[in-house]
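What follows is the content of structure35.txt (compact mmCIF, C-alpha atoms).
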```
# COMPACT_ATOMS: atom_id res chain seq x y z
CA MET R 1 -222.95 124.57 -51.52
CA ALA R 2 -225.09 122.02 -49.88
CA ARG R 3 -228.78 121.83 -50.83
CA HIS R 4 -231.51 121.84 -48.28
CA PRO R 5 -233.77 118.80 -48.59
CA THR R 6 -237.13 119.56 -50.22
CA GLN R 7 -239.99 119.43 -47.74
CA THR R 8 -243.24 117.83 -48.97
CA HIS R 9 -246.51 118.64 -47.25
CA GLN R 10 -248.73 115.64 -46.61
CA PRO R 11 -252.47 116.43 -46.81
CA ASP R 12 -254.31 116.33 -43.52
CA LEU R 13 -256.59 113.29 -43.87
CA SER R 14 -258.04 113.51 -40.42
CA LEU R 15 -261.80 114.17 -40.17
CA ALA R 16 -263.58 116.56 -37.95
CA PRO R 17 -265.97 115.07 -35.35
CA HIS R 18 -269.06 116.26 -37.24
CA GLN R 19 -267.78 114.58 -40.43
CA LEU R 20 -267.34 111.32 -38.56
CA ASP R 21 -270.92 111.62 -37.33
CA ASN R 22 -272.17 112.14 -40.91
CA ILE R 23 -270.33 109.06 -42.14
CA GLN R 24 -271.79 106.99 -39.30
CA GLU R 25 -275.32 108.25 -40.12
CA MET R 26 -274.87 107.34 -43.80
CA ALA R 27 -273.59 103.90 -42.82
CA ASP R 28 -276.55 103.36 -40.49
CA ALA R 29 -278.98 104.49 -43.20
CA SER R 30 -277.34 102.18 -45.73
CA ASN R 31 -277.58 99.23 -43.33
CA ALA R 32 -281.23 100.01 -42.58
CA LEU R 33 -282.02 100.20 -46.31
CA ALA R 34 -280.27 96.87 -46.87
CA VAL R 35 -282.39 95.29 -44.13
CA ILE R 36 -285.60 96.68 -45.65
CA THR R 37 -284.58 95.58 -49.14
CA ASP R 38 -283.75 92.09 -47.90
CA GLN R 39 -287.12 91.86 -46.11
CA ASN R 40 -288.96 93.04 -49.24
CA THR R 41 -287.14 90.43 -51.30
CA GLN R 42 -288.05 87.66 -48.84
CA ASN R 43 -291.71 88.76 -48.86
CA ALA R 44 -291.74 88.87 -52.66
CA GLN R 45 -290.23 85.37 -52.83
CA ALA R 46 -292.94 84.04 -50.51
CA ILE R 47 -295.69 85.65 -52.62
CA ALA R 48 -294.10 84.30 -55.81
CA VAL R 49 -294.22 80.78 -54.38
CA GLN R 50 -297.84 81.31 -53.31
CA PHE R 51 -298.93 82.28 -56.83
CA GLY R 52 -296.61 79.86 -58.65
CA TYR R 53 -294.50 82.59 -60.23
CA ASP R 54 -291.12 81.31 -61.41
CA GLY R 55 -289.78 84.38 -63.23
CA ILE R 56 -286.90 86.63 -62.28
CA LEU R 57 -287.57 88.58 -59.10
CA SER R 58 -286.38 91.99 -60.16
CA ILE R 59 -288.25 95.24 -60.66
CA GLY R 60 -287.02 95.60 -64.24
CA ASN R 61 -288.07 92.08 -65.27
CA LEU R 62 -291.47 92.40 -63.59
CA GLU R 63 -292.16 95.68 -65.37
CA ASP R 64 -291.25 94.09 -68.72
CA GLU R 65 -293.62 91.18 -68.05
CA ILE R 66 -296.40 93.54 -66.92
CA ARG R 67 -296.14 95.34 -70.27
CA PHE R 68 -296.33 91.95 -72.01
CA TYR R 69 -299.51 90.94 -70.17
CA GLN R 70 -301.29 94.24 -70.73
CA ARG R 71 -303.81 92.72 -73.14
CA ARG R 72 -307.48 91.91 -72.78
CA THR R 73 -307.67 88.23 -71.83
CA VAL R 74 -308.68 86.56 -68.59
CA GLU R 75 -305.40 84.69 -68.24
CA ALA R 76 -303.43 87.87 -68.87
CA CYS R 77 -305.53 89.68 -66.27
CA LEU R 78 -304.56 87.19 -63.58
CA GLU R 79 -300.93 87.05 -64.69
CA LEU R 80 -300.81 90.85 -64.70
CA GLY R 81 -302.33 91.02 -61.23
CA LYS R 82 -299.84 88.42 -60.00
CA ARG R 83 -296.88 90.50 -61.15
CA LEU R 84 -298.34 93.73 -59.83
CA ILE R 85 -298.68 92.18 -56.36
CA ILE R 86 -295.05 91.02 -56.39
CA LEU R 87 -293.84 94.34 -57.83
CA LYS R 88 -295.65 96.20 -55.05
CA GLU R 89 -293.87 94.05 -52.49
CA LEU R 90 -290.44 94.63 -54.07
CA THR R 91 -290.92 98.37 -54.57
CA PRO R 92 -289.78 100.70 -51.76
CA HIS R 93 -292.58 102.35 -49.81
CA GLY R 94 -294.20 105.23 -51.69
CA GLU R 95 -292.79 104.34 -55.14
CA PHE R 96 -295.44 101.89 -56.37
CA LYS R 97 -297.76 104.57 -57.79
CA THR R 98 -294.84 106.18 -59.60
CA ARG R 99 -293.97 102.86 -61.24
CA LEU R 100 -297.61 102.38 -62.23
CA GLU R 101 -297.51 105.75 -63.98
CA LEU R 102 -294.34 104.73 -65.84
CA LEU R 103 -296.15 101.54 -66.91
CA SER R 104 -299.23 103.57 -67.97
CA VAL R 105 -301.35 101.52 -65.54
CA ASN R 106 -304.15 103.35 -63.79
CA ASP R 107 -303.94 102.94 -60.00
CA ARG R 108 -307.63 101.95 -59.72
CA MET R 109 -307.28 99.36 -62.50
CA ALA R 110 -304.10 98.00 -60.94
CA ARG R 111 -305.97 97.38 -57.71
CA LYS R 112 -308.73 95.63 -59.66
CA PHE R 113 -306.17 93.36 -61.31
CA MET R 114 -304.60 92.55 -57.95
CA SER R 115 -308.01 91.96 -56.37
CA ALA R 116 -308.97 89.58 -59.19
CA THR R 117 -305.78 87.59 -58.72
CA LEU R 118 -306.25 87.37 -54.96
CA LYS R 119 -309.94 86.51 -55.36
CA PHE R 120 -309.70 83.81 -58.02
CA SER R 121 -306.45 82.20 -56.86
CA LYS R 122 -308.08 81.05 -53.61
CA ALA R 123 -310.18 78.33 -55.20
CA ASN R 124 -310.52 76.28 -58.34
CA SER R 125 -312.46 78.78 -60.38
CA SER R 126 -311.74 77.45 -63.88
CA SER R 127 -315.43 77.23 -64.82
CA LEU R 128 -316.11 80.79 -63.72
CA LEU R 129 -313.01 82.07 -65.52
CA LYS R 130 -314.15 80.33 -68.68
CA ALA R 131 -317.66 81.76 -68.34
CA SER R 132 -316.36 85.29 -67.86
CA GLY R 133 -314.46 85.08 -71.15
CA THR R 134 -313.04 88.59 -71.10
CA GLN R 135 -310.93 90.62 -68.74
CA THR R 136 -313.63 93.27 -68.34
CA LYS R 137 -316.29 90.75 -67.25
CA LEU R 138 -313.84 89.09 -64.88
CA LEU R 139 -313.11 92.41 -63.17
CA GLU R 140 -316.84 92.93 -62.64
CA LEU R 141 -317.02 89.57 -60.84
CA VAL R 142 -314.49 90.73 -58.24
CA ILE R 143 -317.38 92.01 -56.06
CA LEU R 144 -318.44 88.37 -55.41
CA ASP R 145 -317.29 86.90 -52.11
CA ASP R 146 -315.56 83.54 -51.75
CA ASP R 147 -318.75 81.65 -50.87
CA GLU R 148 -320.51 83.03 -53.95
CA ILE R 149 -317.61 82.03 -56.22
CA GLU R 150 -317.65 78.51 -54.77
CA ALA R 151 -321.43 78.29 -55.25
CA LEU R 152 -321.14 79.28 -58.92
CA GLU R 153 -318.35 76.73 -59.45
CA ASN R 154 -320.65 74.07 -58.02
CA GLY R 155 -323.38 74.94 -60.51
CA GLY R 156 -325.43 77.12 -58.17
CA THR R 157 -327.16 80.45 -58.69
CA VAL R 158 -325.79 83.58 -57.04
CA ARG R 159 -327.47 86.98 -57.16
CA GLY R 160 -329.82 85.61 -59.78
CA LEU R 161 -326.90 84.52 -61.98
CA ASN R 162 -325.36 81.17 -62.92
CA LEU R 163 -322.41 80.24 -65.15
CA ASP R 164 -324.56 80.01 -68.30
CA ALA R 165 -326.06 83.46 -67.69
CA ILE R 166 -322.64 84.99 -67.04
CA GLU R 167 -321.25 83.45 -70.22
CA THR R 168 -324.06 84.78 -72.46
CA MET R 169 -324.33 88.26 -70.91
CA SER R 170 -322.58 91.31 -72.26
CA VAL R 171 -320.30 93.28 -69.95
CA SER R 172 -322.94 95.99 -69.44
CA GLU R 173 -325.66 93.41 -68.70
CA LEU R 174 -323.45 91.63 -66.18
CA LYS R 175 -322.47 94.90 -64.51
CA LYS R 176 -326.10 95.99 -64.27
CA ALA R 177 -327.24 92.65 -62.84
CA LEU R 178 -324.46 92.52 -60.25
CA ARG R 179 -324.95 96.14 -59.17
CA LYS R 180 -328.73 95.69 -58.93
CA LYS R 181 -328.38 92.67 -56.66
CA ASP R 182 -325.67 94.43 -54.67
CA LEU R 183 -327.98 97.41 -54.07
CA GLU R 184 -330.85 95.09 -53.13
CA LEU R 185 -328.63 93.28 -50.61
CA GLN R 186 -327.50 96.60 -49.15
CA SER R 187 -331.11 97.77 -48.93
CA LYS R 188 -332.20 94.56 -47.18
CA ASP R 189 -329.24 94.78 -44.80
CA ALA R 190 -330.28 98.33 -43.95
CA VAL R 191 -333.88 97.22 -43.38
CA ILE R 192 -332.75 94.34 -41.15
CA ALA R 193 -330.50 96.69 -39.20
CA LYS R 194 -333.38 99.10 -38.73
CA LYS R 195 -335.65 96.25 -37.60
CA ASP R 196 -333.01 95.12 -35.10
CA GLN R 197 -332.79 98.68 -33.84
CA LYS R 198 -336.56 98.78 -33.35
CA LEU R 199 -336.50 95.44 -31.54
CA ASN R 200 -333.72 96.66 -29.26
CA GLN R 201 -335.73 99.79 -28.54
CA LEU R 202 -338.78 97.64 -27.81
CA ASP R 203 -336.77 95.50 -25.40
CA GLN R 204 -335.68 98.65 -23.59
CA GLU R 205 -339.28 99.89 -23.38
CA LEU R 206 -340.47 96.55 -22.04
CA ALA R 207 -337.70 96.55 -19.45
CA ALA R 208 -338.74 100.05 -18.39
CA VAL R 209 -342.38 98.96 -18.10
CA SER R 210 -341.36 95.96 -16.00
CA ILE R 211 -339.42 98.24 -13.67
CA ARG R 212 -342.36 100.64 -13.34
CA GLN R 213 -344.76 97.79 -12.62
CA ALA R 214 -342.49 95.93 -10.23
CA HIS R 215 -343.73 97.86 -7.19
CA ILE R 216 -347.40 97.05 -7.82
CA ALA R 217 -348.83 94.50 -5.38
CA TRP R 218 -351.04 92.46 -7.70
CA PRO R 219 -353.68 90.25 -6.11
CA GLU R 220 -353.32 86.53 -6.73
CA ALA R 221 -356.10 86.50 -9.34
CA PHE R 222 -354.21 89.10 -11.43
CA GLN R 223 -350.85 87.35 -11.32
CA GLY R 224 -349.39 87.00 -14.85
CA TYR R 225 -351.49 89.74 -16.47
CA GLN R 226 -348.56 92.15 -16.64
CA THR R 227 -346.41 89.52 -18.30
CA GLN R 228 -349.15 88.84 -20.86
CA ILE R 229 -349.55 92.56 -21.57
CA ASN R 230 -345.81 92.92 -22.16
CA ALA R 231 -345.83 89.92 -24.54
CA LEU R 232 -348.86 91.29 -26.43
CA ARG R 233 -347.27 94.73 -26.63
CA ALA R 234 -344.09 93.22 -28.09
CA ALA R 235 -346.02 91.14 -30.63
CA LEU R 236 -348.13 94.15 -31.67
CA LYS R 237 -345.17 96.46 -32.15
CA ASN R 238 -343.21 93.77 -33.95
CA GLY R 239 -346.12 93.12 -36.31
CA LEU R 240 -346.69 96.80 -37.07
CA GLY R 241 -342.97 97.32 -37.56
CA GLY R 242 -342.94 94.36 -39.94
CA LEU R 243 -345.59 96.05 -42.11
CA ASP R 244 -343.46 99.18 -42.36
CA ILE R 245 -340.38 97.15 -43.24
CA LEU R 246 -342.33 95.18 -45.86
CA THR R 247 -343.48 98.43 -47.48
CA LYS R 248 -339.98 99.91 -47.65
CA ASP R 249 -338.50 96.64 -48.90
CA ALA R 250 -341.05 96.41 -51.71
CA MET R 251 -340.40 100.01 -52.77
CA ALA R 252 -336.65 99.35 -52.91
CA ILE R 253 -337.13 96.79 -55.70
CA THR R 254 -336.60 98.27 -59.17
CA PRO R 255 -337.24 96.68 -62.58
CA ALA R 256 -334.26 95.07 -64.26
CA SER R 257 -335.65 95.83 -67.73
CA GLU R 258 -338.51 97.64 -69.46
CA ALA R 259 -340.28 94.31 -69.91
CA GLU R 260 -340.23 93.73 -66.18
CA GLU R 261 -341.46 97.22 -65.32
CA LEU R 262 -345.14 96.52 -66.09
CA SER R 263 -345.09 93.26 -64.13
CA LEU R 264 -343.47 94.99 -61.17
CA THR R 265 -346.03 97.82 -61.27
CA ASN R 266 -348.92 95.34 -61.20
CA ALA R 267 -347.30 93.50 -58.28
CA LYS R 268 -346.95 96.74 -56.32
CA GLU R 269 -350.59 97.65 -57.01
CA ASN R 270 -351.76 94.26 -55.71
CA LEU R 271 -349.53 94.54 -52.66
CA ALA R 272 -350.82 98.05 -51.96
CA THR R 273 -354.42 96.78 -52.09
CA GLU R 274 -353.61 93.98 -49.64
CA MET R 275 -351.90 96.44 -47.32
CA VAL R 276 -354.89 98.83 -47.39
CA ASN R 277 -357.23 95.95 -46.55
CA LEU R 278 -355.00 94.97 -43.67
CA HIS R 279 -354.86 98.56 -42.39
CA ASN R 280 -358.66 98.84 -42.52
CA GLU R 281 -359.12 95.51 -40.73
CA ALA R 282 -356.69 96.60 -38.02
CA ALA R 283 -358.47 99.96 -37.62
CA GLU R 284 -361.86 98.27 -37.34
CA MET R 285 -360.56 95.82 -34.75
CA LEU R 286 -358.95 98.60 -32.71
CA THR R 287 -362.17 100.61 -32.80
CA ALA R 288 -364.22 97.64 -31.62
CA ILE R 289 -361.69 96.77 -28.92
CA GLY R 290 -361.58 100.41 -27.82
CA LEU R 291 -365.35 100.65 -27.49
CA SER R 292 -365.46 97.42 -25.52
CA PHE R 293 -362.69 98.62 -23.23
CA ASP R 294 -364.38 101.99 -22.73
CA LYS R 295 -367.46 100.20 -21.41
CA SER R 296 -365.50 97.92 -19.08
CA LEU R 297 -361.99 98.55 -17.69
CA GLY R 298 -362.07 102.03 -19.19
CA ALA R 299 -364.29 103.08 -16.28
CA TYR R 300 -361.31 102.65 -13.93
CA THR R 301 -359.04 105.17 -15.66
CA ASP R 302 -359.24 108.77 -16.79
CA ALA R 303 -356.92 108.00 -19.72
CA ARG R 304 -358.94 107.28 -22.87
CA ILE R 305 -357.83 105.23 -25.83
CA ASN R 306 -356.13 107.63 -28.27
CA LEU R 307 -357.93 106.16 -31.27
CA LEU R 308 -361.32 107.11 -29.80
CA ASN R 309 -360.26 110.71 -29.38
CA LEU R 310 -359.42 111.21 -33.08
```
Can you give me the file's structure in the form of structure tokens?
Amino acid sequence: MARHPTQTHQPDLSLAPHQLDNIQEMADASNALAVITDQNTQNAQAIAVQFGYDGILSIGNLEDEIRFYQRRTVEACLELGKRLIILKELTPHGEFKTRLELLSVNDRMARKFMSATLKFSKANSSSLLKASGTQTKLLELVILDDDEIEALENGGTVRGLNLDAIETMSVSELKKALRKKDLELQSKDAVIAKKDQKLNQLDQELAAVSIRQAHIAWPEAFQGYQTQINALRAALKNGLGGLDILTKDAMAITPASEAEELSLTNAKENLATEMVNLHNEAAEMLTAIGLSFDKSLGAYTDARINLLNL
């Protein structure tokens, strides 16, 4: 009896349309990731050349070196910052903080390390690095701008500090001195901005006065008086505004130490006396000018000088 041939069923290897779409999406995503990874690698290579890093450009190697440089020296601080910058460039977006946690590196400190590397790699700052001595002092000096760093390197004084002072100061003393000067600069900037605002307001007031007076038909003998009044008004307001700014600026100054507190108090007392004398002189002059005006041009107006009505 003849046997029937055994039939074997071949599996259906064809894919449904939606499966083909999924494969294409995965391929596109893989290609996009490869492009991003390649770009990150190129950026990291450029940064490595910039900072003179000749190690292996891989995340694992960089993390090992970061652990090695996690010690408290100035050189290690800069080397650590260098590797953190490159690691950040190699790491996919959003993963850098996670890698910092795995390395037990605080995010805020990591940014300080990177800032120090960026700050002190721009110029020959060997003298300043030597004066700082420790990693902690170096990180405090990050608040200096490039011009200040260059001035210190050239033997100058910045924010009341020079290289010798930085070298002999403790970390707390350096931090206090830098923060004090920083606050003073911010205070002066605020005062200058306020003065500029007052001057702008004064310009607007003078422009308004000029517009109001433009229609007046002055006789030839009075030509130029309005211009002189506007100039005197500007000078008067500017001078009075300067007194107010001087007062606020003096009050913003605080003693750097207990020894300086007494000297500063005496200085403020002397300044206050001078200001009172100036105020009294101004009041006396205004009173005399007001009385003189009241007996002369004052007869031509019903508006009286405000000071005389007090």
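In this model, the gap between atom CA of R:Val171 and atom CA of R:Glu261 comes to 22.0 Å.
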Quiz prompt | Neighbour list for stretch 87-98 of chain R as a PyMOL selection string, cut-off 9 Å, all atoms listed in the file, skip fewer than 5 positions in-chain | solution = chain R and resi 36-37+40-41+43-44+47+57-59+62-63+82+103+106-107
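Reported to one decimal place, the separation of atom CA of R:Leu80 from atom CA of R:Ile66 is 5.6 Å.
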Practice problem: Determine, counting only C-alpha atoms, which protein, DNA and RNA residues have an atom within 12 Å of an atom of R:Thr136; residues of the same chain fewer than 4 positions away are not included. Present the result as a VMD selection string. | Solution: chain R and resid 71 to 78 109 112 to 113 116 129 132 140 to 142 170 to 172 174 to 175
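The space separating atom CA of R:Ser127 from atom CA of R:Ala151 comes to 11.3 Å.
Of the residues under consideration (R:Asp147, R:Asp244, R:Lys180, R:Arg111), R:Lys180 shows the shortest atom-to-atom contact distance to R:Ser257 when counting only C-alpha atoms.
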